[in-house]
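Before any comments, here is the structure.
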Amino acid sequence: MITRTEFNTARKRAALLLEKTGISLQPEELERIEVADFSLGELEQTGAEILTLVNTEKIAVKLIVLFPNQTLPEHKHPSLGNYPGKEEAIRCEWGVIYLYGPGKPVLEPKGHPPGHRKRTYTMWREEVLYPGDQVIFPPNTFHWFQAGPEGAVCWSYSTKAVDLQDVFPDPEIQRGTVIVDG
């Protein structure tokens with residue numbers, strides 16, 4: 001849960017980071033920036049600012065903004081009926097992203113999820129993404145990522161996105177953002 005003031009401030013900060021990328025965006029697109037706090041009330045540590053540019057029955061294109069050291073928590077995109085789940089490419093556009101998925105764990109990870117939530121993070125194979133680097137995750141694959149100290153902007157190219165159905169190991173996470181007065 002976040003306040004309306006926190007929501008508006010986060011959207012403005014996200015727009016400033018998007019401006020640093022040089023990507024041409026329309027003012028009405030910037031008004032659609034979603035602030036995902038995962039109902040944890042700790043947006044600076046755990047969250048993401050997401051601008052969905054395309055989401056059809058077949059493809060989705062998003063820009064994901066992460067504030068300095070902000071973590072998009074571990075999750076997967078499950079199958080739903082005949083839909084096998086979202087296949088997703090994460091491509092760094094600006095900043096540095098510490099990205100984690102299945103495989104051999106790194107001994108000294110550069111990313112650090114919030115200490116009080118670390119027990120819910122199980123993926124520790126590390127990829128450090130700089131602008132132009134990308135990783136592709138098949139459907140139903142747990143992954144998470146964190147921005148470096150300057151923050152980061154990445155592209156998410158995928159098959160159809162059904163984000164409210166994402167699965168999180170952290171039982172406290174809820175995908176929908178609740179905004180309250182204040």
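Here, A, B, ... name the chains of the structure tokens in the order displayed, residue numbers run from 1 inside each chain, and ligands are numbered from 1 in the same displayed order.
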
### Message
Quick one: residues within 8 Å of A:Gln174, only C-alpha atoms, excluding same-chain residues fewer than 3 positions away - as a ChimeraX atom specification?
### Response
/A:38-40,177

Select from stretch 127-177 of chain A every residue with an atom at most 7 Å from any atom of stretch 64-82 of chain A, then for each give the shortest pair of atoms and their distance in Å to one decimal, using only C-alpha atoms, rows by chain and rising number, as a tab-separated table.
residue	atom	partner	partner_atom	distance
A:Pro139	CA	A:His77	CA	5.8
A:Asn140	CA	A:Pro78	CA	4.7
A:Thr141	CA	A:Lys76	CA	5.2
A:Phe142	CA	A:Lys76	CA	4.5
A:His143	CA	A:Glu74	CA	5.2
A:Trp144	CA	A:Glu74	CA	4.2
A:Phe145	CA	A:Leu72	CA	5.5
A:Gln146	CA	A:Thr71	CA	4.2
A:Ala147	CA	A:Asn69	CA	4.8
A:Gly148	CA	A:Asn69	CA	5.3
A:Pro149	CA	A:Pro68	CA	4.7
A:Glu150	CA	A:Pro68	CA	5.0
A:Gly151	CA	A:Pro68	CA	3.8
A:Ala152	CA	A:Leu66	CA	5.2
A:Val153	CA	A:Val65	CA	4.5
A:Cys154	CA	A:Ile64	CA	5.3
A:Trp155	CA	A:Ile64	CA	6.2
A:Asp166	CA	A:His77	CA	5.0
A:Val167	CA	A:Lys76	CA	5.3
A:Phe168	CA	A:His75	CA	4.5
A:Pro169	CA	A:His75	CA	6.8

### Message
Could you pull out the strand (DSSP E) residues of stretch 72-127 of chain A, going by DSSP on the backbone, and write them as a PyMOL selection string?
### Response
chain A and resi 72-75+88-101+125-127

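Minimum atom-to-atom distance to A:Leu129, evaluated using only C-alpha atoms, belongs to A:Gly95 out of A:Leu16, A:Gly95, A:Arg117, A:Ile33.
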
### Task
Using DSSP on the backbone coordinates, identify the residues of stretch 20-103 of chain A assigned to alpha helix (DSSP H); present them as a PyMOL selection string.
chain A and resi 20-21+27-30

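When only C-alpha atoms are used to compute distances to A:His116, the closest of the residues A:Leu18, A:Val35, A:Gln45, A:Glu28 turns out to be A:Gln45.
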
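When only C-alpha atoms are used to measure the gap to A:Pro131, the shortest distance among A:Thr3, A:Ser158, A:Thr21, A:Thr9 belongs to A:Thr21.
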
### Task
May I ask which of the residues A:Val135, A:Val180, A:Leu63, A:Leu164 is the closest one to A:Trp94, counting only C-alpha atoms?
A:Leu63

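For the pair atom CA of A:Ala14 and atom CA of A:Ile59, the separation is 23.4 Å.
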
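The smallest atom-to-atom distance between A:Lys104 and any of A:Glu126, A:Arg91, A:Tyr83, A:Glu34, using only C-alpha atoms, is found for A:Glu126.
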
### Task
May I have the residues within 6 Å of A:Met123 as a PyMOL selection string, using only C-alpha atoms and disregarding those fewer than 2 positions away in the same chain?
chain A and resi 100-102

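Residue nearest A:Asp163, chosen from A:Gly132, A:Gly85, A:Gly115, A:Pro138 and counting only C-alpha atoms: A:Gly85.
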